[in-house]
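S.K.: If it helps, the file is called coords-v9.txt and holds compact mmCIF, C-alpha atoms and all ligand atoms:
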# COMPACT_ATOMS: atom_id res chain seq x y z
CA MET J 525 -36.89 76.00 -26.19
CA TYR J 526 -36.87 74.10 -29.46
CA SER J 527 -39.02 71.50 -31.16
CA ARG J 528 -37.73 68.08 -32.21
CA ILE J 529 -39.22 65.35 -34.40
CA ILE J 530 -39.72 62.28 -32.21
CA GLY J 531 -41.66 60.12 -34.67
CA THR J 532 -42.54 59.92 -38.35
CA GLY J 533 -45.20 57.97 -40.22
CA SER J 534 -46.75 57.74 -43.63
CA TYR J 535 -49.49 56.03 -45.55
CA LEU J 536 -50.09 55.30 -49.23
CA PRO J 537 -53.41 54.02 -50.60
CA ALA J 538 -53.24 50.41 -51.80
CA LYS J 539 -54.02 51.11 -55.45
CA THR J 540 -51.11 52.01 -57.71
CA VAL J 541 -51.45 53.53 -61.16
CA THR J 542 -48.48 53.04 -63.49
CA ASN J 543 -47.55 55.18 -66.46
CA PHE J 544 -48.64 52.24 -68.62
CA ASP J 545 -52.10 52.46 -67.04
CA LEU J 546 -52.18 56.17 -67.98
CA GLU J 547 -51.22 55.39 -71.57
CA LYS J 548 -54.69 53.80 -71.83
CA ILE J 549 -56.42 56.99 -70.61
CA VAL J 550 -54.55 59.88 -72.28
CA ASP J 551 -52.17 60.37 -75.20
CA THR J 552 -48.92 59.88 -73.27
CA SER J 553 -46.12 57.37 -72.81
CA HIS J 554 -44.14 55.86 -69.96
CA ASP J 555 -40.93 57.19 -71.53
CA TRP J 556 -42.26 60.76 -71.84
CA ILE J 557 -43.44 60.83 -68.21
CA VAL J 558 -40.19 59.35 -66.86
CA SER J 559 -37.94 61.63 -68.92
CA ARG J 560 -39.89 64.81 -68.02
CA SER J 561 -40.73 64.09 -64.37
CA GLY J 562 -39.01 60.93 -63.06
CA ILE J 563 -42.42 59.45 -62.16
CA HIS J 564 -43.04 55.72 -62.77
CA GLU J 565 -46.17 55.20 -60.72
CA ARG J 566 -48.38 56.87 -58.14
CA HIS J 567 -50.95 55.74 -55.56
CA MET J 568 -54.62 56.55 -55.78
CA ALA J 569 -57.15 56.63 -52.96
CA ALA J 570 -60.13 54.27 -53.13
CA ASP J 571 -63.54 55.87 -53.68
CA ASN J 572 -64.39 55.59 -49.99
CA GLU J 573 -61.00 56.89 -48.74
CA LEU J 574 -60.89 60.51 -47.62
CA THR J 575 -57.91 62.77 -46.97
CA SER J 576 -58.56 62.35 -43.23
CA ASP J 577 -58.39 58.55 -43.61
CA LEU J 578 -54.95 58.78 -45.20
CA ALA J 579 -53.93 61.32 -42.53
CA LEU J 580 -55.21 58.98 -39.81
CA GLN J 581 -53.06 56.03 -40.92
CA ALA J 582 -49.96 58.22 -41.29
CA SER J 583 -50.63 59.75 -37.86
CA ILE J 584 -51.11 56.37 -36.18
CA ASN J 585 -47.74 55.30 -37.61
CA ALA J 586 -46.03 58.52 -36.46
CA ILE J 587 -47.57 58.35 -32.97
CA SER J 588 -46.49 54.71 -32.65
CA ALA J 589 -42.93 55.57 -33.79
CA ALA J 590 -42.87 58.40 -31.22
CA GLY J 591 -43.97 56.00 -28.49
CA ILE J 592 -46.58 58.40 -27.10
CA SER J 593 -50.30 58.20 -26.51
CA ALA J 594 -52.51 60.20 -28.91
CA ASN J 595 -53.93 62.18 -25.98
CA GLU J 596 -50.52 63.77 -25.35
CA ILE J 597 -50.95 65.67 -28.63
CA ASP J 598 -51.91 69.26 -27.85
CA LEU J 599 -51.80 70.69 -31.39
CA ILE J 600 -52.77 69.26 -34.78
CA VAL J 601 -51.83 71.07 -37.99
CA VAL J 602 -52.87 69.46 -41.26
CA ALA J 603 -51.49 70.80 -44.53
CA THR J 604 -53.86 69.95 -47.35
CA THR J 605 -55.32 71.37 -50.54
CA SER J 606 -57.79 68.51 -50.88
CA PRO J 607 -59.71 68.61 -47.59
CA ASP J 608 -62.53 66.15 -46.88
CA GLN J 609 -65.15 68.89 -47.06
CA ILE J 610 -65.55 72.69 -47.07
CA PHE J 611 -65.67 72.63 -43.28
CA PRO J 612 -64.95 71.56 -40.59
CA SER J 613 -61.23 71.28 -41.15
CA THR J 614 -59.56 67.96 -41.91
CA ALA J 615 -57.52 68.54 -38.71
CA CYS J 616 -60.71 68.51 -36.60
CA ILE J 617 -61.93 65.37 -38.38
CA LEU J 618 -58.52 63.76 -37.80
CA GLN J 619 -58.59 64.73 -34.12
CA ASP J 620 -61.93 62.96 -33.77
CA LYS J 621 -60.78 59.87 -35.70
CA LEU J 622 -57.71 59.67 -33.42
CA GLY J 623 -60.05 59.76 -30.41
CA ILE J 624 -58.37 62.85 -28.96
CA GLN J 625 -60.72 64.65 -26.60
CA ASN J 626 -58.37 66.99 -24.77
CA GLY J 627 -59.75 70.16 -26.33
CA SER J 628 -56.45 71.23 -27.86
CA ALA J 629 -56.17 73.27 -31.07
CA ALA J 630 -56.54 71.68 -34.51
CA PHE J 631 -56.58 73.47 -37.85
CA ASP J 632 -55.68 73.13 -41.52
CA ILE J 633 -53.30 75.27 -43.47
CA GLN J 634 -53.42 75.64 -47.23
CA ALA J 635 -50.20 76.43 -49.07
CA VAL J 636 -50.52 73.74 -51.76
CA CYS J 637 -47.20 71.91 -52.29
CA GLY J 638 -45.55 74.31 -49.83
CA GLY J 639 -48.02 73.23 -47.15
CA PHE J 640 -45.85 70.91 -45.09
CA VAL J 641 -43.04 73.42 -44.53
CA TYR J 642 -45.66 76.04 -43.62
CA ALA J 643 -47.32 73.63 -41.15
CA MET J 644 -43.97 72.69 -39.58
CA ASN J 645 -43.01 76.34 -39.14
CA ILE J 646 -46.34 77.06 -37.41
CA ALA J 647 -46.07 74.04 -35.09
CA ASP J 648 -42.45 74.91 -34.28
CA LEU J 649 -43.50 78.45 -33.30
CA TYR J 650 -46.32 77.10 -31.08
CA ILE J 651 -43.83 74.87 -29.28
CA ARG J 652 -41.11 77.52 -29.00
CA GLY J 653 -43.70 79.96 -27.67
CA GLY J 654 -44.82 77.49 -25.01
CA GLN J 655 -48.36 77.15 -26.41
CA ALA J 656 -47.93 73.46 -27.24
CA LYS J 657 -45.66 70.63 -26.10
CA THR J 658 -46.47 67.83 -28.52
CA ALA J 659 -47.67 68.67 -32.04
CA LEU J 660 -48.89 66.37 -34.78
CA VAL J 661 -48.01 67.85 -38.18
CA VAL J 662 -49.55 66.14 -41.19
CA GLY J 663 -49.42 66.57 -44.96
CA ALA J 664 -52.28 64.66 -46.60
CA GLU J 665 -53.74 64.85 -50.09
CA VAL J 666 -56.17 63.16 -52.42
CA LEU J 667 -55.23 65.28 -55.42
CA SER J 668 -56.43 62.60 -57.84
CA ARG J 669 -59.94 64.04 -57.32
CA MET J 670 -58.82 67.47 -58.55
CA LEU J 671 -57.30 66.19 -61.78
CA ASP J 672 -58.79 66.53 -65.23
CA TRP J 673 -58.21 63.00 -66.56
CA ASN J 674 -58.39 64.40 -70.12
CA ASP J 675 -55.49 66.79 -69.52
CA ARG J 676 -52.24 64.91 -70.11
CA THR J 677 -50.16 67.90 -69.02
CA THR J 678 -51.32 67.54 -65.40
CA CYS J 679 -52.98 64.17 -64.75
CA VAL J 680 -49.75 62.20 -65.13
CA LEU J 681 -47.91 64.15 -62.44
CA PHE J 682 -49.86 63.79 -59.20
CA GLY J 683 -50.61 61.08 -56.62
CA ASP J 684 -52.36 60.55 -53.28
CA GLY J 685 -50.78 59.92 -49.88
CA ALA J 686 -50.09 61.22 -46.40
CA GLY J 687 -47.15 61.74 -44.09
CA ALA J 688 -46.98 62.85 -40.46
CA VAL J 689 -44.48 63.82 -37.81
CA VAL J 690 -44.76 64.23 -34.05
CA LEU J 691 -42.91 67.32 -32.84
CA ARG J 692 -42.08 67.66 -29.16
CA ALA J 693 -40.63 70.45 -27.03
CA SER J 694 -36.93 69.91 -26.42
CA GLU J 695 -33.98 71.70 -24.80
CA THR J 696 -31.91 71.05 -27.94
CA PRO J 697 -32.75 71.42 -31.64
CA GLY J 698 -34.52 69.85 -33.47
CA ILE J 699 -35.72 72.38 -35.88
CA VAL J 700 -32.90 74.88 -36.27
CA ALA J 701 -34.41 77.32 -38.76
CA CYS J 702 -37.48 77.88 -40.94
CA LYS J 703 -37.88 80.31 -43.84
CA LEU J 704 -41.20 80.85 -45.60
CA HIS J 705 -42.05 83.05 -48.57
CA ALA J 706 -45.04 83.74 -50.80
CA ASP J 707 -45.73 85.77 -53.94
CA GLY J 708 -49.39 85.92 -54.89
CA SER J 709 -48.70 87.77 -58.12
CA HIS J 710 -47.89 84.39 -59.73
CA ARG J 711 -51.11 82.78 -58.57
CA ASP J 712 -52.37 82.05 -62.10
CA MET J 713 -49.35 79.87 -63.00
CA LEU J 714 -50.71 76.96 -60.97
CA LYS J 715 -54.29 76.93 -59.75
CA ALA J 716 -57.69 75.32 -59.42
CA ASP J 717 -59.81 78.45 -59.49
CA GLY J 718 -63.22 76.88 -58.96
CA ASN J 719 -65.41 77.85 -56.02
CA VAL J 720 -68.88 76.97 -54.85
CA ARG J 721 -71.51 79.71 -55.07
CA ASN J 722 -75.12 79.08 -54.17
CA GLY J 723 -74.46 75.36 -54.37
CA VAL J 724 -72.97 75.47 -57.87
CA VAL J 725 -69.29 75.14 -58.81
CA GLN J 726 -68.10 78.33 -60.51
CA GLY J 727 -64.83 78.42 -62.46
CA ASP J 728 -62.60 75.39 -62.94
CA PRO J 729 -62.25 72.90 -60.08
CA PHE J 730 -59.37 71.06 -61.82
CA ILE J 731 -55.64 71.75 -61.47
CA LYS J 732 -54.27 73.93 -64.26
CA MET J 733 -50.58 74.59 -64.64
CA GLU J 734 -48.19 76.47 -66.90
CA GLY J 735 -45.60 73.70 -66.68
CA GLN J 736 -42.50 75.41 -68.02
CA ALA J 737 -43.10 78.66 -66.10
CA VAL J 738 -43.62 76.66 -62.89
CA PHE J 739 -40.45 74.72 -63.56
CA LYS J 740 -38.31 77.85 -63.96
CA PHE J 741 -39.88 79.61 -60.98
CA ALA J 742 -39.47 76.53 -58.76
CA VAL J 743 -35.77 76.10 -59.54
CA LYS J 744 -35.11 79.82 -58.92
CA VAL J 745 -36.89 80.23 -55.59
CA LEU J 746 -35.83 76.86 -54.18
CA SER J 747 -32.19 77.62 -54.88
CA GLU J 748 -32.60 81.04 -53.25
CA VAL J 749 -34.36 79.79 -50.13
CA VAL J 750 -31.98 76.91 -49.42
CA GLU J 751 -29.01 79.27 -49.81
CA GLU J 752 -30.74 81.79 -47.52
CA VAL J 753 -31.21 79.19 -44.76
CA LEU J 754 -27.67 77.83 -45.09
CA GLU J 755 -26.07 81.29 -45.09
CA GLU J 756 -27.99 82.44 -42.03
CA ASN J 757 -26.83 79.35 -40.18
CA ASN J 758 -23.21 79.51 -41.41
CA LEU J 759 -23.49 76.22 -43.27
CA LYS J 760 -22.47 75.09 -46.75
CA GLY J 761 -24.21 72.62 -49.02
CA SER J 762 -21.59 70.04 -48.06
CA ASP J 763 -22.73 70.26 -44.40
CA ILE J 764 -26.12 68.82 -45.38
CA SER J 765 -26.43 65.05 -45.00
CA TRP J 766 -29.84 64.83 -46.64
CA LEU J 767 -31.79 67.20 -48.81
CA ILE J 768 -35.45 66.14 -48.62
CA PRO J 769 -37.25 68.18 -51.27
CA HIS J 770 -40.89 68.40 -52.20
CA GLN J 771 -41.20 65.59 -54.74
CA ALA J 772 -42.62 67.42 -57.76
CA ASN J 773 -40.19 66.50 -60.44
CA ILE J 774 -36.76 64.83 -60.51
CA ARG J 775 -35.35 67.58 -62.74
CA ILE J 776 -36.29 70.31 -60.26
CA MET J 777 -34.61 68.28 -57.49
CA GLU J 778 -31.48 67.76 -59.58
CA ALA J 779 -31.27 71.47 -60.37
CA THR J 780 -31.61 72.46 -56.68
CA ALA J 781 -29.04 69.87 -55.58
CA LYS J 782 -26.62 71.13 -58.24
CA LYS J 783 -26.94 74.73 -57.00
CA LEU J 784 -26.12 73.49 -53.50
CA GLY J 785 -23.15 71.50 -54.77
CA LEU J 786 -24.81 68.34 -53.46
CA SER J 787 -24.62 64.97 -55.18
CA MET J 788 -27.95 63.25 -55.88
CA GLU J 789 -26.71 60.60 -53.44
CA ASN J 790 -27.54 63.10 -50.69
CA VAL J 791 -31.06 63.73 -51.95
CA VAL J 792 -34.01 61.61 -50.80
CA VAL J 793 -36.04 60.83 -53.92
CA THR J 794 -39.43 59.11 -53.80
CA VAL J 795 -41.08 60.78 -56.80
CA ALA J 796 -40.65 57.65 -58.97
CA LYS J 797 -43.05 55.66 -56.79
CA HIS J 798 -45.24 58.41 -55.28
CA GLY J 799 -45.58 61.07 -58.00
CA ASN J 800 -46.26 64.58 -56.74
CA THR J 801 -48.35 64.22 -53.57
CA SER J 802 -48.29 67.97 -52.86
CA ALA J 803 -48.22 68.70 -49.09
CA ALA J 804 -47.72 64.99 -48.34
CA SER J 805 -44.56 64.53 -50.37
CA ILE J 806 -41.95 65.74 -47.84
CA PRO J 807 -43.26 63.79 -44.82
CA LEU J 808 -43.63 60.71 -47.06
CA ALA J 809 -40.01 61.05 -48.22
CA LEU J 810 -38.80 61.83 -44.70
CA ASP J 811 -40.54 58.78 -43.24
CA THR J 812 -39.07 56.60 -46.00
CA ALA J 813 -35.53 57.80 -45.23
CA VAL J 814 -36.00 57.52 -41.44
CA ARG J 815 -37.35 53.98 -41.67
CA ASP J 816 -34.69 52.72 -44.09
CA GLY J 817 -31.99 54.10 -41.77
CA ARG J 818 -30.58 56.84 -44.01
CA VAL J 819 -31.50 59.62 -41.57
CA LYS J 820 -29.36 59.33 -38.43
CA ALA J 821 -28.87 61.25 -35.19
CA GLY J 822 -26.69 64.34 -35.49
CA GLN J 823 -27.19 64.83 -39.24
CA ASN J 824 -28.22 68.13 -40.83
CA ILE J 825 -31.40 67.63 -42.83
CA LEU J 826 -32.78 70.27 -45.19
CA LEU J 827 -36.43 70.25 -46.29
CA GLU J 828 -37.58 72.50 -49.13
CA ALA J 829 -40.81 73.00 -51.03
CA VAL J 830 -42.57 75.24 -53.51
CA GLY J 831 -46.22 75.24 -54.44
CA GLY J 832 -49.14 77.15 -55.89
CA GLY J 833 -49.65 80.62 -54.54
CA PHE J 834 -46.78 80.76 -55.04
CA THR J 835 -45.53 79.66 -51.64
CA TRP J 836 -42.09 78.31 -50.86
CA GLY J 837 -39.82 77.65 -47.94
CA ALA J 838 -37.08 75.60 -46.34
CA ILE J 839 -36.50 74.02 -42.93
CA LEU J 840 -33.14 73.09 -41.43
CA ILE J 841 -33.20 70.23 -38.92
CA LYS J 842 -30.52 68.78 -36.67
CA TRP J 843 -31.69 65.17 -36.39
N1 LIG J 901 -47.38 63.02 -72.49
C1 LIG J 901 -46.88 63.27 -73.71
N2 LIG J 901 -46.69 64.49 -74.16
C2 LIG J 901 -47.03 65.52 -73.35
C3 LIG J 901 -47.55 65.34 -72.08
C4 LIG J 901 -47.73 64.00 -71.65
N3 LIG J 901 -48.23 63.70 -70.44
N4 LIG J 901 -47.77 66.52 -71.52
C5 LIG J 901 -47.40 67.44 -72.40
N5 LIG J 901 -46.95 66.84 -73.52
C6 LIG J 901 -46.45 67.44 -74.73
C7 LIG J 901 -46.91 68.88 -74.90
O1 LIG J 901 -48.22 68.95 -75.43
C8 LIG J 901 -45.86 69.41 -75.83
O2 LIG J 901 -46.21 69.02 -77.14
P1 LIG J 901 -46.00 70.03 -78.38
O3 LIG J 901 -44.54 70.34 -78.40
O4 LIG J 901 -46.49 69.24 -79.53
O5 LIG J 901 -46.85 71.23 -78.04
C9 LIG J 901 -44.60 68.66 -75.43
O6 LIG J 901 -45.05 67.51 -74.69
C10 LIG J 901 -43.68 69.48 -74.56
O7 LIG J 901 -44.47 70.08 -73.53
P2 LIG J 901 -43.82 70.98 -72.43
O8 LIG J 901 -44.87 71.52 -71.54
O9 LIG J 901 -42.88 71.95 -73.09
O10 LIG J 901 -42.96 69.87 -71.67
P3 LIG J 901 -41.90 70.08 -70.57
O11 LIG J 901 -40.62 69.51 -70.98
O12 LIG J 901 -41.91 71.47 -70.03
O13 LIG J 901 -42.46 69.12 -69.43
C11 LIG J 901 -43.65 69.33 -67.35
C12 LIG J 901 -43.74 69.36 -68.86
C13 LIG J 901 -43.25 67.93 -66.92
C14 LIG J 901 -44.98 69.69 -66.74
C15 LIG J 901 -42.55 70.33 -66.92
O14 LIG J 901 -42.80 71.60 -67.48
C16 LIG J 901 -42.46 70.45 -65.46
O15 LIG J 901 -41.96 69.55 -64.81
N6 LIG J 901 -42.86 71.57 -64.89
C17 LIG J 901 -42.83 71.73 -63.47
C18 LIG J 901 -44.17 71.58 -63.01
C19 LIG J 901 -44.31 70.72 -61.82
O16 LIG J 901 -43.49 69.95 -61.42
N7 LIG J 901 -45.47 70.89 -61.27
C20 LIG J 901 -45.86 70.17 -60.17
C21 LIG J 901 -46.76 70.99 -59.39
S1 LIG J 901 -45.98 72.43 -58.87
C22 LIG J 901 -45.11 72.00 -57.66
O17 LIG J 901 -45.32 71.00 -57.07
C23 LIG J 901 -44.03 72.92 -57.40
Can you dump the structure from the file as structure tokens?
M.R.:
Amino acid sequence: MYSRIIGTGSYLPAKTVTNFDLEKIVDTSHDWIVSRSGIHERHMAADNELTSDLALQASINAISAAGISANEIDLIVVATTSPDQIFPSTACILQDKLGIQNGSAAFDIQAVCGGFVYAMNIADLYIRGGQAKTALVVGAEVLSRMLDWNDRTTCVLFGDGAGAVVLRASETPGIVACKLHADGSHRDMLKADGNVRNGVVQGDPFIKMEGQAVFKFAVKVLSEVVEEVLEENNLKGSDISWLIPHQANIRIMEATAKKLGLSMENVVVTVAKHGNTSAASIPLALDTAVRDGRVKAGQNILLEAVGGGFTWGAILIKW
């Protein structure tokens, strides 16, 4: 038994914030942001929009593309680092907003920018193990609320959005292989270490990052994990039709593609318009490439991501 993606969907909040808008808030420039990250603009949720609202729209689009009814979904996994509230999980809130009342499992997973590959691996295992037939896997973030708008080293990099896929049990792959890793010893390189104690925020609730260290670590582990997945499946970089990376930074994507011997023409890039949307970036990029017709039946698709933790992983898909 395998799992196969039968529908994708995404959602971006209406408001866009350009680099020129940011020039008015912090000491930065459009040229600096583009040359260092490849980002031109990002979307930002409205004050009354929650992570679950973004997830809901992306899910509705994925469910519609899959041509199923929401009540067929028997597992919801939401990857997010910016949940609506401390609890219940955003997945439970999403289940309610979708009107699903079949009692099936719903939970969040938190692996920061690595969240979507973690969530996909979990849903794939549920389906392979026979515990679910139709899973909704969502990456949704409102990271703009965790940014220090006085810190130019972080606030220019992130955006809000959501992406979703419907995975269904199938006799043929589908998801061919998943590889996940984590190394908590690097947890201070990228963090928001605040927590709530007795009703008061302790520590720092904003994202802090050692940019250059993250950059080097990301290039190293992403290259390793994509090679690991390809080797184990007797494939070469040239067998991959589309590399769909976590959209953190164009230079990280270029470095990973180079290691794989892939041209940037085989890499789906949405970072210019979306910024880094953390767990949402891969399903947003995937949905973009599915809907514009780049992703086609029979192609080998490779997803890869790295995020705070550190967590990282890759997923090989036969479309
Ligand atoms: N605008 C203008 N100047 C800036 C800005 C800004 N927004 N931010 C930093 N600078 C300045 C710095 O203060 C520094 O000035 P100084 O030399 O006077 O001290 C100068 O630019 C160079 O700073 P660096 O940090 O060395 O810049 P770098 O080339 O490393 O680029 C960046 C910074 C873009 C963060 C880069 O390190 C990077 O891409 N790191 C990867 C991090 C990443 O992508 N994180 C996303 C989250 S993690 C994930 O998703 C995997």
S.K.: Under the rule that all atoms listed in the file are counted, which of J:Lys539, J:Arg669, J:Lys740, J:Arg818 is the nearest residue to ligand LIG 901 (chain J)?
M.R.: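 Among the listed residues, J:Lys740 lies closest to ligand LIG 901 (chain J).
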S.K.: With 8 Å as the cut-off and all atoms listed in the file counted, what is the closest atom pair between each nearby residue of chain J and ligand LIG 901 (chain J)? Distances in Å to one decimal, ordered by chain and number, as a tab-separated table.
M.R.:
residue	atom	partner	partner_atom	distance
J:Val550	CA	J:LIG901	N3	7.6
J:Asp551	CA	J:LIG901	N1	6.1
J:Thr552	CA	J:LIG901	N1	3.6
J:Ser553	CA	J:LIG901	N1	5.8
J:Trp556	CA	J:LIG901	C1	5.6
J:Ile557	CA	J:LIG901	N3	6.0
J:Arg560	CA	J:LIG901	C13	4.7
J:Ser561	CA	J:LIG901	C13	5.3
J:Val636	CA	J:LIG901	O17	7.9
J:Cys637	CA	J:LIG901	O17	5.2
J:Gly638	CA	J:LIG901	C23	7.8
J:Asp675	CA	J:LIG901	N3	7.9
J:Arg676	CA	J:LIG901	N3	4.2
J:Thr677	CA	J:LIG901	N4	3.7
J:Thr678	CA	J:LIG901	C14	6.8
J:Cys679	CA	J:LIG901	N3	7.4
J:Val680	CA	J:LIG901	N3	5.7
J:Leu681	CA	J:LIG901	C20	6.8
J:Phe682	CA	J:LIG901	C20	7.6
J:Leu714	CA	J:LIG901	S1	6.9
J:Met733	CA	J:LIG901	N7	7.2
J:Glu734	CA	J:LIG901	O14	7.3
J:Gly735	CA	J:LIG901	O14	3.6
J:Gln736	CA	J:LIG901	O14	3.9
J:Ala737	CA	J:LIG901	N6	7.2
J:Val738	CA	J:LIG901	C17	5.0
J:Phe739	CA	J:LIG901	C17	3.8
J:Lys740	CA	J:LIG901	C17	7.6
J:Ala742	CA	J:LIG901	C23	6.0
J:His770	CA	J:LIG901	O17	7.1
J:Gln771	CA	J:LIG901	O17	7.2
J:Ala772	CA	J:LIG901	O16	4.5
J:Asn773	CA	J:LIG901	O16	4.9
J:Arg775	CA	J:LIG901	O15	7.2
J:Ile776	CA	J:LIG901	O16	7.3
J:Asn800	CA	J:LIG901	O17	6.5
J:Ser802	CA	J:LIG901	O17	6.0
J:Ala829	CA	J:LIG901	C23	7.1
J:Val830	CA	J:LIG901	C23	4.8
J:Gly831	CA	J:LIG901	C23	4.4
J:Gly832	CA	J:LIG901	S1	6.4
S.K.: So that I can check the surroundings of Gly591 (chain J), please list as a list in words every protein, DNA and RNA residue that reaches within 12 Å of it, counting all atoms listed in the file and ignoring chain neighbours fewer than 6 positions away.
M.R.: Ile530, Gly531, Thr532, Gly533, Ile584, Asn585, Ile597, Val690 and Arg692 of chain J
S.K.: Which residues are close to region 751-754 of chain J, i.e. within 8 Å by all atoms listed in the file, leaving aside same-chain residues fewer than 3 positions away? Reply as a list in words.
M.R.: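 Contacts, in chain order: Ala701, Cys702, Lys703, Ser747, Glu748, Asn757, Asn758, Leu759, Lys760, Gly761, Leu784, Ala838, Ile839 and Leu840 of chain J.
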S.K.: Which residues of region 709-792 of chain J come within 12 Å of region 602-611 of chain J, and for each one, what is the closest pair of atoms and their distance in Å to one decimal, counting only C-alpha atoms, sorted by chain and residue number, as a Markdown table?
M.R.:
| residue | atom | partner | partner_atom | distance |
| --- | --- | --- | --- | --- |
| J:Lys715 | CA | J:Thr605 | CA | 10.8 |
| J:Ala716 | CA | J:Thr605 | CA | 10.0 |
| J:Asn719 | CA | J:Ile610 | CA | 10.3 |
| J:Val720 | CA | J:Ile610 | CA | 9.5 |
| J:Gly723 | CA | J:Ile610 | CA | 11.8 |
| J:Pro729 | CA | J:Ser606 | CA | 11.1 |
| J:Phe730 | CA | J:Ser606 | CA | 11.3 |
| J:Ile731 | CA | J:Thr605 | CA | 10.9 |
S.K.: Work out how far CA of Ile841 (chain J) is from CA of Phe631 (chain J), in Å to one decimal.
M.R.: 23.6 Å
S.K.: Between J:Asp717, J:Asp728, J:Glu547, J:Asp632, which residue has the minimum interatomic distance to Leu618 (chain J), considering all atoms listed in the file?
M.R.: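 That would be J:Asp632, the residue with the smallest distance to Leu618 (chain J).
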S.K.: In Å, rounded to a single decimal, give me how far CA of Ala803 (chain J) is from CA of Asn572 (chain J).
M.R.: 20.8 Å
S.K.: Grab the CA of His710 (chain J) to CA of Thr780 (chain J) distance for me, in Å with one decimal place.
M.R.: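 Straight-line distance from CA of His710 (chain J) to CA of Thr780 (chain J) works out to 20.4 Å.
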S.K.: Between J:Gly799, J:Gly833, J:Gly718, J:Gly623, which has the minimum distance to Leu536 (chain J) (counting only C-alpha atoms)?
M.R.: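 Closest to Leu536 (chain J), using only C-alpha atoms: J:Gly799.
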S.K.: Within 10 Å of Ile529 (chain J), counting only C-alpha atoms, which residues show up once you throw out same-chain ones fewer than 3 positions away? Write them as an MDAnalysis selection string, please.
M.R.: chainID J and resid 532 586 590 658:661 689:694 697:699 841:843
S.K.: Let's have the selection written as a JSON list (two decimals), in the frame of the given file, with C-alpha atoms.
M.R.:
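Final output, again-v7.json:
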[["chain", "number", "residue", "atom", "x", "y", "z"],
["J", 532, "THR", "CA", -42.54, 59.92, -38.35],
["J", 586, "ALA", "CA", -46.03, 58.52, -36.46],
["J", 590, "ALA", "CA", -42.87, 58.40, -31.22],
["J", 658, "THR", "CA", -46.47, 67.83, -28.52],
["J", 659, "ALA", "CA", -47.67, 68.67, -32.04],
["J", 660, "LEU", "CA", -48.89, 66.37, -34.78],
["J", 661, "VAL", "CA", -48.01, 67.85, -38.18],
["J", 689, "VAL", "CA", -44.48, 63.82, -37.81],
["J", 690, "VAL", "CA", -44.76, 64.23, -34.05],
["J", 691, "LEU", "CA", -42.91, 67.32, -32.84],
["J", 692, "ARG", "CA", -42.08, 67.66, -29.16],
["J", 693, "ALA", "CA", -40.63, 70.45, -27.03],
["J", 694, "SER", "CA", -36.93, 69.91, -26.42],
["J", 697, "PRO", "CA", -32.75, 71.42, -31.64],
["J", 698, "GLY", "CA", -34.52, 69.85, -33.47],
["J", 699, "ILE", "CA", -35.72, 72.38, -35.88],
["J", 841, "ILE", "CA", -33.20, 70.23, -38.92],
["J", 842, "LYS", "CA", -30.52, 68.78, -36.67],
["J", 843, "TRP", "CA", -31.69, 65.17, -36.39]]
S.K.: For Val749 (chain J), which residue among J:Glu828, J:Asp672, J:Asp707, J:Asp811 is the nearest when counting all atoms listed in the file?
M.R.: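 Ranked by minimum distance to Val749 (chain J), first place goes to J:Glu828.
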S.K.: Would you place a box with edges along x, y and z of the file around all atoms of region 607-610 of chain J listed there, add 8 Å to each of its six sides, and report the centre and edge lengths in Å to one decimal, as lines of an AutoDock Vina configuration file?
M.R.:
center_x = -62.6
center_y = 69.4
center_z = -47.2
size_x = 21.8
size_y = 22.5
size_z = 16.7
S.K.: Using all atoms listed in the file for the distances, tell me which of J:Asn645, J:Val601, J:Phe544, J:Val666 is nearest to Ala570 (chain J).
M.R.: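 Closest candidate: J:Val666.
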S.K.: Determine the nearest neighbour of Gly837 (chain J) from the options J:Arg528, J:Val724, J:Leu546, J:Phe640, counting only C-alpha atoms.
M.R.: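 Closest to Gly837 (chain J) of all the choices is J:Phe640.
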S.K.: Taking the partial coordinates given, rebuild region 567-572 of chain J to contain N, CA, C and O atoms; return it as a PDB file, in the coordinates of the input.
M.R.:
ATOM      1  N   HIS J 567     -49.857  56.423 -56.251  1.00  0.00           N
ATOM      2  CA  HIS J 567     -50.950  55.740 -55.560  1.00  0.00           C
ATOM      3  C   HIS J 567     -52.224  56.558 -55.694  1.00  0.00           C
ATOM      4  O   HIS J 567     -52.181  57.777 -55.799  1.00  0.00           O
ATOM      5  N   MET J 568     -53.340  55.838 -55.668  1.00  0.00           N
ATOM      6  CA  MET J 568     -54.620  56.550 -55.780  1.00  0.00           C
ATOM      7  C   MET J 568     -55.606  56.051 -54.732  1.00  0.00           C
ATOM      8  O   MET J 568     -55.775  54.840 -54.555  1.00  0.00           O
ATOM      9  N   ALA J 569     -56.214  56.989 -54.028  1.00  0.00           N
ATOM     10  CA  ALA J 569     -57.150  56.630 -52.960  1.00  0.00           C
ATOM     11  C   ALA J 569     -58.361  55.898 -53.534  1.00  0.00           C
ATOM     12  O   ALA J 569     -58.805  56.179 -54.650  1.00  0.00           O
ATOM     13  N   ALA J 570     -58.887  54.955 -52.743  1.00  0.00           N
ATOM     14  CA  ALA J 570     -60.130  54.270 -53.130  1.00  0.00           C
ATOM     15  C   ALA J 570     -61.280  55.268 -53.005  1.00  0.00           C
ATOM     16  O   ALA J 570     -61.168  56.283 -52.308  1.00  0.00           O
ATOM     17  N   ASP J 571     -62.390  54.953 -53.668  1.00  0.00           N
ATOM     18  CA  ASP J 571     -63.540  55.870 -53.680  1.00  0.00           C
ATOM     19  C   ASP J 571     -63.995  56.266 -52.277  1.00  0.00           C
ATOM     20  O   ASP J 571     -64.429  57.390 -52.044  1.00  0.00           O
ATOM     21  N   ASN J 572     -63.889  55.300 -51.340  1.00  0.00           N
ATOM     22  CA  ASN J 572     -64.390  55.590 -49.990  1.00  0.00           C
ATOM     23  C   ASN J 572     -63.292  56.117 -49.051  1.00  0.00           C
ATOM     24  O   ASN J 572     -63.521  56.283 -47.869  1.00  0.00           O
TER      25      ASN J 572
END
